[in-house]
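Coordinates from data23.pdb are shown below (PDB, C-alpha atoms, pLDDT in the B column).
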```
MODEL        1
ATOM      1  CA  MET B   1       0.000   0.000   0.000  1.00 60.00           C
ATOM      2  CA  LYS B   2       1.325   3.422  -1.002  1.00 69.00           C
ATOM      3  CA  LYS B   3       2.359   5.715   1.867  1.00 82.00           C
ATOM      4  CA  GLN B   4       0.021   8.643   2.488  1.00 91.00           C
ATOM      5  CA  THR B   5       1.532  12.065   1.791  1.00 96.00           C
ATOM      6  CA  THR B   6       0.148  15.097   3.616  1.00 96.00           C
ATOM      7  CA  ILE B   7       0.457  18.326   1.638  1.00 97.00           C
ATOM      8  CA  LEU B   8      -0.433  21.920   2.500  1.00 97.00           C
ATOM      9  CA  ILE B   9      -0.778  24.508  -0.276  1.00 98.00           C
ATOM     10  CA  THR B  10      -1.304  28.192   0.479  1.00 97.00           C
ATOM     11  CA  GLY B  11      -2.945  30.569  -1.970  1.00 95.00           C
ATOM     12  CA  ALA B  12      -4.945  27.684  -3.431  1.00 95.00           C
ATOM     13  CA  SER B  13      -8.116  29.565  -4.349  1.00 93.00           C
ATOM     14  CA  ARG B  14      -6.870  30.331  -7.870  1.00 93.00           C
ATOM     15  CA  GLY B  15      -3.930  30.229 -10.261  1.00 94.00           C
ATOM     16  CA  ILE B  16      -0.976  27.934  -9.726  1.00 95.00           C
ATOM     17  CA  GLY B  17      -2.028  26.927  -6.209  1.00 95.00           C
ATOM     18  CA  TYR B  18      -5.477  25.889  -7.432  1.00 96.00           C
ATOM     19  CA  ASP B  19      -4.108  23.923 -10.392  1.00 95.00           C
ATOM     20  CA  THR B  20      -1.369  22.289  -8.296  1.00 97.00           C
ATOM     21  CA  ALA B  21      -3.966  21.073  -5.807  1.00 97.00           C
ATOM     22  CA  LEU B  22      -6.003  19.550  -8.640  1.00 97.00           C
ATOM     23  CA  GLN B  23      -2.876  17.882 -10.022  1.00 96.00           C
ATOM     24  CA  LEU B  24      -1.913  16.368  -6.668  1.00 97.00           C
ATOM     25  CA  ALA B  25      -5.488  15.336  -5.885  1.00 96.00           C
ATOM     26  CA  LYS B  26      -5.366  12.811  -8.735  1.00 96.00           C
ATOM     27  CA  ASP B  27      -3.398  10.490  -6.447  1.00 96.00           C
ATOM     28  CA  PRO B  28      -5.664   9.239  -3.620  1.00 94.00           C
ATOM     29  CA  ALA B  29      -2.591   8.661  -1.453  1.00 95.00           C
ATOM     30  CA  ASN B  30      -2.151  12.454  -1.221  1.00 96.00           C
ATOM     31  CA  GLN B  31      -4.082  14.228   1.521  1.00 96.00           C
ATOM     32  CA  ILE B  32      -4.177  17.869   0.459  1.00 97.00           C
ATOM     33  CA  TYR B  33      -4.970  20.806   2.698  1.00 96.00           C
ATOM     34  CA  VAL B  34      -5.677  24.000   0.767  1.00 96.00           C
ATOM     35  CA  LEU B  35      -5.425  27.374   2.458  1.00 96.00           C
ATOM     36  CA  SER B  36      -6.794  30.746   1.361  1.00 95.00           C
ATOM     37  CA  ARG B  37      -8.849  33.600   2.771  1.00 92.00           C
ATOM     38  CA  ASN B  38     -11.481  32.929   0.068  1.00 94.00           C
ATOM     39  CA  GLU B  39     -13.503  30.018   1.438  1.00 94.00           C
ATOM     40  CA  GLY B  40     -15.949  30.062  -1.482  1.00 96.00           C
ATOM     41  CA  LYS B  41     -13.231  29.472  -4.060  1.00 95.00           C
ATOM     42  CA  LEU B  42     -11.710  26.744  -1.905  1.00 96.00           C
ATOM     43  CA  LYS B  43     -15.073  24.973  -1.939  1.00 96.00           C
ATOM     44  CA  THR B  44     -15.118  25.314  -5.731  1.00 96.00           C
ATOM     45  CA  LEU B  45     -11.676  23.684  -5.827  1.00 96.00           C
ATOM     46  CA  GLN B  46     -12.867  20.883  -3.567  1.00 95.00           C
ATOM     47  CA  GLN B  47     -15.788  20.210  -5.917  1.00 94.00           C
ATOM     48  CA  ALA B  48     -13.576  20.374  -9.011  1.00 95.00           C
ATOM     49  CA  ALA B  49     -11.204  17.798  -7.515  1.00 95.00           C
ATOM     50  CA  ASN B  50     -14.167  15.433  -7.174  1.00 88.00           C
ATOM     51  CA  SER B  51     -12.413  13.438  -4.481  1.00 87.00           C
ATOM     52  CA  ASN B  52     -12.388  13.230  -0.698  1.00 93.00           C
ATOM     53  CA  ASN B  53      -8.674  13.977  -0.297  1.00 95.00           C
ATOM     54  CA  VAL B  54      -8.913  17.796  -0.562  1.00 96.00           C
ATOM     55  CA  HIS B  55      -9.550  19.615   2.718  1.00 95.00           C
ATOM     56  CA  ILE B  56     -10.144  23.358   2.956  1.00 94.00           C
ATOM     57  CA  ILE B  57      -8.722  25.773   5.538  1.00 94.00           C
ATOM     58  CA  PRO B  58     -10.032  29.363   5.325  1.00 94.00           C
ATOM     59  CA  PHE B  59      -7.164  31.547   6.574  1.00 93.00           C
ATOM     60  CA  ASP B  60      -5.802  35.043   5.898  1.00 92.00           C
ATOM     61  CA  LEU B  61      -2.008  35.173   5.920  1.00 92.00           C
ATOM     62  CA  ALA B  62      -2.066  38.970   5.981  1.00 89.00           C
ATOM     63  CA  ASN B  63      -3.878  38.855   9.336  1.00 90.00           C
ATOM     64  CA  PHE B  64      -2.113  35.885  10.872  1.00 92.00           C
ATOM     65  CA  ASP B  65      -4.075  34.271  13.709  1.00 90.00           C
ATOM     66  CA  GLU B  66      -1.856  31.608  15.282  1.00 90.00           C
ATOM     67  CA  LYS B  67      -4.633  30.325  17.560  1.00 91.00           C
ATOM     68  CA  LYS B  68      -6.982  29.806  14.618  1.00 90.00           C
ATOM     69  CA  LEU B  69      -4.240  28.012  12.684  1.00 90.00           C
ATOM     70  CA  SER B  70      -3.440  25.806  15.661  1.00 89.00           C
ATOM     71  CA  ILE B  71      -7.081  24.725  15.912  1.00 90.00           C
ATOM     72  CA  ALA B  72      -7.244  23.998  12.174  1.00 88.00           C
ATOM     73  CA  PHE B  73      -4.199  21.712  12.378  1.00 88.00           C
ATOM     74  CA  SER B  74      -4.824  20.170  15.783  1.00 85.00           C
ATOM     75  CA  LYS B  75      -5.763  16.792  14.275  1.00 83.00           C
ATOM     76  CA  ILE B  76      -2.959  16.731  11.694  1.00 89.00           C
ATOM     77  CA  LYS B  77       0.015  14.875  13.143  1.00 90.00           C
ATOM     78  CA  SER B  78       2.521  15.477  10.362  1.00 94.00           C
ATOM     79  CA  ILE B  79       3.014  17.502   7.172  1.00 96.00           C
ATOM     80  CA  ASP B  80       5.234  16.081   4.454  1.00 97.00           C
ATOM     81  CA  ILE B  81       5.088  18.966   1.988  1.00 98.00           C
ATOM     82  CA  LEU B  82       4.401  22.665   2.494  1.00 98.00           C
ATOM     83  CA  ILE B  83       4.001  24.754  -0.666  1.00 98.00           C
ATOM     84  CA  ASN B  84       4.161  28.464   0.191  1.00 98.00           C
ATOM     85  CA  ASN B  85       2.397  29.708  -2.910  1.00 96.00           C
ATOM     86  CA  ALA B  86       0.227  32.569  -1.598  1.00 94.00           C
ATOM     87  CA  GLY B  87       1.306  35.879  -3.047  1.00 93.00           C
ATOM     88  CA  LEU B  88       0.210  39.465  -3.509  1.00 94.00           C
ATOM     89  CA  LEU B  89       1.261  41.461  -6.579  1.00 93.00           C
ATOM     90  CA  ILE B  90       0.639  45.192  -6.987  1.00 94.00           C
ATOM     91  CA  ASN B  91       1.764  46.900 -10.191  1.00 94.00           C
ATOM     92  CA  GLU B  92       2.349  50.532  -9.271  1.00 96.00           C
ATOM     93  CA  PRO B  93       5.213  53.011  -9.849  1.00 97.00           C
ATOM     94  CA  PHE B  94       7.670  53.265  -6.963  1.00 97.00           C
ATOM     95  CA  GLU B  95       7.017  56.967  -6.428  1.00 97.00           C
ATOM     96  CA  THR B  96       3.311  56.398  -5.664  1.00 98.00           C
ATOM     97  CA  LEU B  97       3.522  53.016  -3.914  1.00 97.00           C
ATOM     98  CA  ASN B  98       2.913  54.012  -0.320  1.00 98.00           C
ATOM     99  CA  ILE B  99       4.408  52.286   2.697  1.00 98.00           C
ATOM    100  CA  ALA B 100       1.072  50.734   3.662  1.00 97.00           C
ATOM    101  CA  LYS B 101       1.051  48.791   0.376  1.00 97.00           C
ATOM    102  CA  TRP B 102       4.671  47.775   0.909  1.00 98.00           C
ATOM    103  CA  ARG B 103       3.758  46.393   4.333  1.00 97.00           C
ATOM    104  CA  THR B 104       0.738  44.508   2.979  1.00 96.00           C
ATOM    105  CA  ILE B 105       2.821  42.876   0.243  1.00 96.00           C
ATOM    106  CA  PHE B 106       5.496  41.821   2.728  1.00 97.00           C
ATOM    107  CA  GLU B 107       2.863  40.564   5.210  1.00 96.00           C
ATOM    108  CA  VAL B 108       1.609  38.076   2.621  1.00 95.00           C
ATOM    109  CA  ASN B 109       4.710  37.271   0.591  1.00 96.00           C
ATOM    110  CA  LEU B 110       7.323  37.106   3.361  1.00 97.00           C
ATOM    111  CA  PHE B 111       5.947  37.290   6.902  1.00 97.00           C
ATOM    112  CA  GLY B 112       3.126  34.892   6.058  1.00 96.00           C
ATOM    113  CA  VAL B 113       5.773  32.330   5.083  1.00 97.00           C
ATOM    114  CA  VAL B 114       7.810  32.999   8.216  1.00 97.00           C
ATOM    115  CA  GLN B 115       4.865  32.665  10.596  1.00 96.00           C
ATOM    116  CA  LEU B 116       3.416  29.624   8.865  1.00 96.00           C
ATOM    117  CA  VAL B 117       6.690  27.696   8.948  1.00 97.00           C
ATOM    118  CA  GLN B 118       7.270  28.617  12.601  1.00 96.00           C
ATOM    119  CA  SER B 119       3.737  27.563  13.549  1.00 95.00           C
ATOM    120  CA  LEU B 120       3.869  24.262  11.682  1.00 95.00           C
ATOM    121  CA  LEU B 121       7.352  23.111  12.687  1.00 95.00           C
ATOM    122  CA  PRO B 122       5.943  20.440  15.052  1.00 94.00           C
ATOM    123  CA  GLN B 123       4.039  18.827  12.166  1.00 95.00           C
ATOM    124  CA  LEU B 124       6.904  19.297   9.699  1.00 96.00           C
ATOM    125  CA  THR B 125       9.326  17.515  12.020  1.00 93.00           C
ATOM    126  CA  ASN B 126       6.962  14.680  12.914  1.00 87.00           C
ATOM    127  CA  GLY B 127       7.347  12.720   9.683  1.00 76.00           C
ATOM    128  CA  GLN B 128      10.266  11.009   7.977  1.00 83.00           C
ATOM    129  CA  LYS B 129      11.431  13.926   5.794  1.00 93.00           C
ATOM    130  CA  ALA B 130       9.588  17.133   4.943  1.00 97.00           C
ATOM    131  CA  HIS B 131       9.900  19.452   1.954  1.00 98.00           C
ATOM    132  CA  ILE B 132       9.116  23.164   2.056  1.00 98.00           C
ATOM    133  CA  VAL B 133       8.711  24.707  -1.394  1.00 98.00           C
ATOM    134  CA  ASN B 134       8.686  28.492  -1.474  1.00 98.00           C
ATOM    135  CA  ILE B 135       7.289  30.060  -4.618  1.00 97.00           C
ATOM    136  CA  GLY B 136       9.549  32.928  -5.593  1.00 96.00           C
ATOM    137  CA  SER B 137       9.885  35.014  -8.726  1.00 94.00           C
ATOM    138  CA  MET B 138      12.523  35.735 -11.337  1.00 91.00           C
ATOM    139  CA  GLY B 139      11.962  39.354 -10.329  1.00 90.00           C
ATOM    140  CA  GLY B 140      13.491  38.479  -6.968  1.00 93.00           C
ATOM    141  CA  VAL B 141      16.620  36.895  -8.461  1.00 93.00           C
ATOM    142  CA  GLN B 142      19.716  39.082  -8.539  1.00 89.00           C
ATOM    143  CA  GLY B 143      20.838  39.865 -12.095  1.00 89.00           C
ATOM    144  CA  SER B 144      17.510  39.016 -13.728  1.00 89.00           C
ATOM    145  CA  SER B 145      15.467  41.455 -15.807  1.00 86.00           C
ATOM    146  CA  LYS B 146      13.267  43.697 -13.672  1.00 88.00           C
ATOM    147  CA  PHE B 147       9.883  45.202 -14.510  1.00 88.00           C
ATOM    148  CA  PRO B 148       8.762  48.718 -13.559  1.00 92.00           C
ATOM    149  CA  GLY B 149       5.923  48.802 -11.082  1.00 94.00           C
ATOM    150  CA  LEU B 150       6.999  45.673  -9.212  1.00 94.00           C
ATOM    151  CA  SER B 151       9.522  47.083  -6.730  1.00 97.00           C
ATOM    152  CA  ALA B 152       7.731  45.859  -3.597  1.00 97.00           C
ATOM    153  CA  TYR B 153       6.716  42.505  -5.083  1.00 96.00           C
ATOM    154  CA  SER B 154      10.219  41.783  -6.406  1.00 96.00           C
ATOM    155  CA  ALA B 155      11.853  42.881  -3.146  1.00 98.00           C
ATOM    156  CA  SER B 156       9.561  40.585  -1.151  1.00 98.00           C
ATOM    157  CA  LYS B 157      10.381  37.649  -3.425  1.00 97.00           C
ATOM    158  CA  ALA B 158      14.105  38.383  -3.116  1.00 98.00           C
ATOM    159  CA  ALA B 159      13.629  38.124   0.638  1.00 98.00           C
ATOM    160  CA  VAL B 160      11.832  34.790   0.213  1.00 98.00           C
ATOM    161  CA  ALA B 161      14.765  33.470  -1.820  1.00 98.00           C
ATOM    162  CA  ASN B 162      17.254  34.481   0.868  1.00 98.00           C
ATOM    163  CA  LEU B 163      15.000  33.099   3.595  1.00 98.00           C
ATOM    164  CA  THR B 164      14.994  29.779   1.726  1.00 98.00           C
ATOM    165  CA  GLU B 165      18.774  29.518   1.972  1.00 98.00           C
ATOM    166  CA  CYS B 166      18.714  30.430   5.674  1.00 98.00           C
ATOM    167  CA  LEU B 167      15.950  27.962   6.538  1.00 98.00           C
ATOM    168  CA  ALA B 168      17.648  25.146   4.628  1.00 98.00           C
ATOM    169  CA  GLU B 169      20.680  25.571   6.882  1.00 97.00           C
ATOM    170  CA  GLU B 170      18.730  25.980  10.122  1.00 97.00           C
ATOM    171  CA  LEU B 171      16.283  23.134   9.503  1.00 97.00           C
ATOM    172  CA  LYS B 172      18.540  20.499   7.956  1.00 94.00           C
ATOM    173  CA  ASP B 173      19.097  18.833  11.337  1.00 94.00           C
ATOM    174  CA  LYS B 174      15.302  18.544  11.641  1.00 95.00           C
ATOM    175  CA  ASN B 175      15.204  16.557   8.394  1.00 95.00           C
ATOM    176  CA  ILE B 176      13.462  19.360   6.478  1.00 97.00           C
ATOM    177  CA  SER B 177      14.556  20.419   3.004  1.00 98.00           C
ATOM    178  CA  VAL B 178      13.724  23.931   1.809  1.00 98.00           C
ATOM    179  CA  ASN B 179      13.830  25.067  -1.813  1.00 98.00           C
ATOM    180  CA  CYS B 180      12.583  28.050  -3.796  1.00 98.00           C
ATOM    181  CA  LEU B 181      11.216  27.986  -7.337  1.00 97.00           C
ATOM    182  CA  ALA B 182      11.774  31.389  -8.941  1.00 94.00           C
ATOM    183  CA  LEU B 183       8.990  31.456 -11.502  1.00 90.00           C
ATOM    184  CA  GLY B 184       8.858  33.503 -14.665  1.00 85.00           C
ATOM    185  CA  ALA B 185       5.652  34.893 -16.147  1.00 85.00           C
ATOM    186  CA  ILE B 186       2.735  32.459 -15.816  1.00 87.00           C
ATOM    187  CA  GLN B 187      -0.736  33.042 -17.239  1.00 83.00           C
ATOM    188  CA  THR B 188      -2.770  33.468 -14.064  1.00 84.00           C
ATOM    189  CA  GLU B 189      -5.562  35.745 -12.839  1.00 80.00           C
ATOM    190  CA  MET B 190      -3.070  37.624 -10.674  1.00 79.00           C
ATOM    191  CA  LEU B 191      -0.858  38.365 -13.684  1.00 79.00           C
ATOM    192  CA  ALA B 192      -3.838  39.404 -15.799  1.00 79.00           C
ATOM    193  CA  GLU B 193      -4.987  41.818 -13.089  1.00 78.00           C
ATOM    194  CA  ALA B 194      -1.545  43.397 -12.792  1.00 76.00           C
ATOM    195  CA  PHE B 195      -0.764  43.426 -16.529  1.00 83.00           C
ATOM    196  CA  PRO B 196      -4.026  43.552 -18.536  1.00 86.00           C
ATOM    197  CA  GLY B 197      -3.586  42.244 -22.053  1.00 83.00           C
ATOM    198  CA  TYR B 198      -0.220  40.582 -21.430  1.00 81.00           C
ATOM    199  CA  ALA B 199       0.021  36.968 -22.582  1.00 79.00           C
ATOM    200  CA  ALA B 200       2.489  34.867 -20.595  1.00 80.00           C
ATOM    201  CA  PRO B 201       4.413  32.096 -22.374  1.00 84.00           C
ATOM    202  CA  VAL B 202       3.513  29.413 -19.801  1.00 86.00           C
ATOM    203  CA  THR B 203       0.059  28.283 -18.650  1.00 89.00           C
ATOM    204  CA  SER B 204      -0.904  27.852 -15.032  1.00 89.00           C
ATOM    205  CA  GLU B 205      -1.790  24.199 -15.661  1.00 92.00           C
ATOM    206  CA  SER B 206       1.589  23.311 -17.147  1.00 93.00           C
ATOM    207  CA  MET B 207       3.468  25.055 -14.338  1.00 90.00           C
ATOM    208  CA  ALA B 208       1.270  23.275 -11.787  1.00 94.00           C
ATOM    209  CA  ALA B 209       2.277  19.901 -13.233  1.00 95.00           C
ATOM    210  CA  TYR B 210       5.946  20.840 -12.821  1.00 96.00           C
ATOM    211  CA  LEU B 211       5.409  22.189  -9.306  1.00 97.00           C
ATOM    212  CA  ALA B 212       3.500  19.092  -8.182  1.00 97.00           C
ATOM    213  CA  SER B 213       6.309  16.836  -9.377  1.00 97.00           C
ATOM    214  CA  PHE B 214       9.014  19.008  -7.792  1.00 98.00           C
ATOM    215  CA  ALA B 215       7.192  19.160  -4.460  1.00 98.00           C
ATOM    216  CA  LEU B 216       7.019  15.371  -4.327  1.00 97.00           C
ATOM    217  CA  THR B 217      10.586  14.604  -5.438  1.00 96.00           C
ATOM    218  CA  GLY B 218      12.726  17.749  -5.529  1.00 97.00           C
ATOM    219  CA  HIS B 219      14.067  17.367  -1.990  1.00 96.00           C
ATOM    220  CA  GLN B 220      15.772  14.139  -3.045  1.00 95.00           C
ATOM    221  CA  PHE B 221      18.183  16.225  -5.116  1.00 96.00           C
ATOM    222  CA  HIS B 222      18.043  19.810  -3.805  1.00 97.00           C
ATOM    223  CA  ASN B 223      18.214  21.721  -0.542  1.00 98.00           C
ATOM    224  CA  GLY B 224      18.581  25.463  -0.069  1.00 97.00           C
ATOM    225  CA  LYS B 225      18.396  26.066  -3.803  1.00 98.00           C
ATOM    226  CA  ILE B 226      16.800  28.962  -5.678  1.00 97.00           C
ATOM    227  CA  ILE B 227      15.847  27.376  -8.997  1.00 96.00           C
ATOM    228  CA  PRO B 228      14.855  29.602 -11.938  1.00 94.00           C
ATOM    229  CA  VAL B 229      11.784  28.227 -13.728  1.00 93.00           C
ATOM    230  CA  ALA B 230      11.370  30.465 -16.756  1.00 89.00           C
ATOM    231  CA  VAL B 231      11.565  30.213 -20.527  1.00 85.00           C
ATOM    232  CA  SER B 232      13.161  33.660 -20.863  1.00 75.00           C
ATOM    233  CA  THR B 233      16.738  34.809 -20.256  1.00 70.00           C
ATOM    234  CA  PRO B 234      18.329  36.158 -18.197  1.00 65.00           C
TER     235      PRO B 234
ENDMDL
END
```
Take the structure I supplied and represent it as structure tokens, if you would.
Amino acid sequence: MKKQTTILITGASRGIGYDTALQLAKDPANQIYVLSRNEGKLKTLQQAANSNNVHIIPFDLANFDEKKLSIAFSKIKSIDILINNAGLLINEPFETLNIAKWRTIFEVNLFGVVQLVQSLLPQLTNGQKAHIVNIGSMGGVQGSSKFPGLSAYSASKAAVANLTECLAEELKDKNISVNCLALGAIQTEMLAEAFPGYAAPVTSESMAAYLASFALTGHQFHNGKIIPVAVSTP
């Protein structure tokens, strides 16, 4: 009998998180917990999966409630894979992007990751070997092409990449691998909202298939790595 794998995906109400959950739900041995502040869209995902291995957790990373999270995970003994996919993107010129928006972006993209990993360390260390996959961006990779209007988003993703390297070192003795996938442009609702009319070269579904595979197997070959996943150069 195939071993059960417990997976948590944040930002699963749409885009890559949504499609990755559907991809992973095809295997009944995967128990998938999907997290988002939009409970209605999580229920839509649960129905689309058409299986009993997708479990919804309504939760707002921007307003982190550790007690609420603790209650939600009280019956989950271990987590094998954590995919930190939730993200906020605002396309606005630097000179008008106020500090409140900077803080909101960092609350979701960086501090949400920090608090979630800290809160779930007991479950992440309770299995044989866990894998944390942080979803970064090519905009957060040093030396890559940058886009105007994405200063806060790119800076937050650069922080996530650096955090990945730090966590990989700090958590290796706990048998947890941590990697970051620095994604290029993907055709998602978030991208369409930020850049109306722009057509990305990669679909959400195809990236989800890659992400699902990497989450399941990537820690066998990588730890502390920031891996560019983009069809463009640099």
- Among the residues B:Asp173, B:Asp60, B:Glu189, B:Glu95, the one that comes closest to Thr203 of chain B [using all atoms listed in the file]: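 Smallest distance to Thr203 of chain B is found for B:Glu189.
In this structure, atom CA of Val34 of chain B sits 15.2 Å away from atom CA of Asn134 of chain B.
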- Distance criterion (all atoms listed in the file): nearest to Ala29 of chain B out of B:Thr5, B:Ser51, B:Pro93, B:Gly17: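 Of the candidates, the smallest distance to Ala29 of chain B is held by B:Thr5.
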- Message: Need to verify the contact set: Gln4 of chain B, 12 Å, only C-alpha atoms, exclusion of same-chain residues closer than 5 positions in sequence. Can you return it as number ranges by chain?
- Response: B: 27-32, 53, 78-81, 127-128, 216
Writer output for current selection, C-alpha atoms, as a PDB file, in the coordinates of the input:
```pdb
ATOM      1  CA  ASP B  27      -3.398  10.490  -6.447  1.00 96.00           C
ATOM      2  CA  PRO B  28      -5.664   9.239  -3.620  1.00 94.00           C
ATOM      3  CA  ALA B  29      -2.591   8.661  -1.453  1.00 95.00           C
ATOM      4  CA  ASN B  30      -2.151  12.454  -1.221  1.00 96.00           C
ATOM      5  CA  GLN B  31      -4.082  14.228   1.521  1.00 96.00           C
ATOM      6  CA  ILE B  32      -4.177  17.869   0.459  1.00 97.00           C
ATOM      7  CA  ASN B  53      -8.674  13.977  -0.297  1.00 95.00           C
ATOM      8  CA  SER B  78       2.521  15.477  10.362  1.00 94.00           C
ATOM      9  CA  ILE B  79       3.014  17.502   7.172  1.00 96.00           C
ATOM     10  CA  ASP B  80       5.234  16.081   4.454  1.00 97.00           C
ATOM     11  CA  ILE B  81       5.088  18.966   1.988  1.00 98.00           C
ATOM     12  CA  GLY B 127       7.347  12.720   9.683  1.00 76.00           C
ATOM     13  CA  GLN B 128      10.266  11.009   7.977  1.00 83.00           C
ATOM     14  CA  LEU B 216       7.019  15.371  -4.327  1.00 97.00           C
TER      15      LEU B 216
END
```
- Considering only C-alpha atoms, state which residue in the set B:Phe94, B:Tyr18, B:Phe221, B:Trp102 is at the smallest distance from Glu205 of chain B. B:Tyr18
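Using all atoms listed in the file, the smallest distance between any of B:Leu110, B:Val117, B:Ile90, B:Leu42 and Phe195 of chain B comes from B:Ile90.
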- Output the residue selection produced by the PyMOL selection byres ((chain B and resi 84) around 6) on the file above, formatted as JSON, numbers by chain. {"B": [10, 83, 85, 86, 134, 135]}
Restricting the output to C-alpha atoms, write the selected residues as a tab-separated table (two decimals), in the coordinates of the input.
```
chain	number	residue	atom	x	y	z
B	10	THR	CA	-1.30	28.19	0.48
B	83	ILE	CA	4.00	24.75	-0.67
B	85	ASN	CA	2.40	29.71	-2.91
B	86	ALA	CA	0.23	32.57	-1.60
B	134	ASN	CA	8.69	28.49	-1.47
B	135	ILE	CA	7.29	30.06	-4.62
```
- Note on the structure: From the list B:Ala100, B:Ala215, B:Ala72, B:Ala159, the nearest residue to Val113 of chain B using only C-alpha atoms is B:Ala159
- Which residue gives the smallest distance to Lys172 of chain B among B:Thr125, B:Ser137, B:Ser154, B:Thr188, with all atoms listed in the file counted? B:Thr125
- Message: Counting all atoms listed in the file, which residues sit no farther than 10 Å from the position (-14.6, 25.4, -3.1) in the file's frame? I'd like them as a list in words.
- Response: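 Final list of nearby residues, as requested, is Ala12, Ser13, Val34, Asn38, Glu39, Gly40, Lys41, Leu42, Lys43, Thr44, Leu45, Gln46, Gln47, Ala48, Ala49, Val54, His55 and Ile56 of chain B.
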Would you output that residue set with C-alpha atoms, as a short mmCIF file (atom, residue, chain, number, x, y, z; two decimals), keeping the file's coordinate frame?
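So selection-v1.cif came out as:
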```cif
data_model
loop_
_atom_site.label_atom_id
_atom_site.label_comp_id
_atom_site.auth_asym_id
_atom_site.auth_seq_id
_atom_site.Cartn_x
_atom_site.Cartn_y
_atom_site.Cartn_z
CA ALA B 12 -4.94 27.68 -3.43
CA SER B 13 -8.12 29.56 -4.35
CA VAL B 34 -5.68 24.00 0.77
CA ASN B 38 -11.48 32.93 0.07
CA GLU B 39 -13.50 30.02 1.44
CA GLY B 40 -15.95 30.06 -1.48
CA LYS B 41 -13.23 29.47 -4.06
CA LEU B 42 -11.71 26.74 -1.90
CA LYS B 43 -15.07 24.97 -1.94
CA THR B 44 -15.12 25.31 -5.73
CA LEU B 45 -11.68 23.68 -5.83
CA GLN B 46 -12.87 20.88 -3.57
CA GLN B 47 -15.79 20.21 -5.92
CA ALA B 48 -13.58 20.37 -9.01
CA ALA B 49 -11.20 17.80 -7.52
CA VAL B 54 -8.91 17.80 -0.56
CA HIS B 55 -9.55 19.61 2.72
CA ILE B 56 -10.14 23.36 2.96
#
```
Each side padded by 8 Å, which centre and which edge lengths in Å (one decimal) define the axis-aligned box around the listed atoms of segment 213-227 of chain B? Give them as AutoDock Vina command-line options.
```
--center_x 12.4 --center_y 21.6 --center_z -4.7 --size_x 28.3 --size_y 30.8 --size_z 25.3
```
- Message: What does the structure give for the distance between atom CA of Thr164 of chain B and atom CA of Leu211 of chain B, in Å to one decimal?
- Response: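 If I compute the distance from atom CA of Thr164 of chain B to atom CA of Leu211 of chain B, I get 16.5 Å.
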- Please indicate the distance in Å from atom CA of Ala130 of chain B to atom CA of Asn50 of chain B, rounded to one decimal place.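 Distance reported for this atom pair: 26.7 Å.
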- Given the file above and the PyMOL selection byres ((chain B and resi 136) around 8), which residues are selected, and can you give them as number ranges by chain? B: 134-135, 137-138, 140, 157-158, 160-161, 180-183
Now that the selection is made, can you save its residues with C-alpha atoms as a compact mmCIF listing (two decimals), keeping the file's coordinate frame?
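Full text of out_19.txt as output:
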```txt
# COMPACT_ATOMS: atom_id res chain seq x y z
CA ASN B 134 8.69 28.49 -1.47
CA ILE B 135 7.29 30.06 -4.62
CA SER B 137 9.88 35.01 -8.73
CA MET B 138 12.52 35.74 -11.34
CA GLY B 140 13.49 38.48 -6.97
CA LYS B 157 10.38 37.65 -3.42
CA ALA B 158 14.10 38.38 -3.12
CA VAL B 160 11.83 34.79 0.21
CA ALA B 161 14.76 33.47 -1.82
CA CYS B 180 12.58 28.05 -3.80
CA LEU B 181 11.22 27.99 -7.34
CA ALA B 182 11.77 31.39 -8.94
CA LEU B 183 8.99 31.46 -11.50
```
- Residues near Ser70 of chain B, cut-off 12 Å, all atoms listed in the file, skip fewer than 4 positions along chain, as number ranges by chain: B: 57, 59, 64-66, 74-77, 115-116, 118-123
- List the residues selected by the PyMOL selection byres ((chain B and resi 106) around 9) in the file shown, writing them as a list in words.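 On this input, the PyMOL selection byres ((chain B and resi 106) around 9) captures Ala62, Leu88, Lys101, Trp102, Arg103, Thr104, Ile105, Glu107, Val108, Asn109, Leu110, Phe111, Gly112, Ala152, Tyr153, Ala155, Ser156 and Lys157 of chain B.
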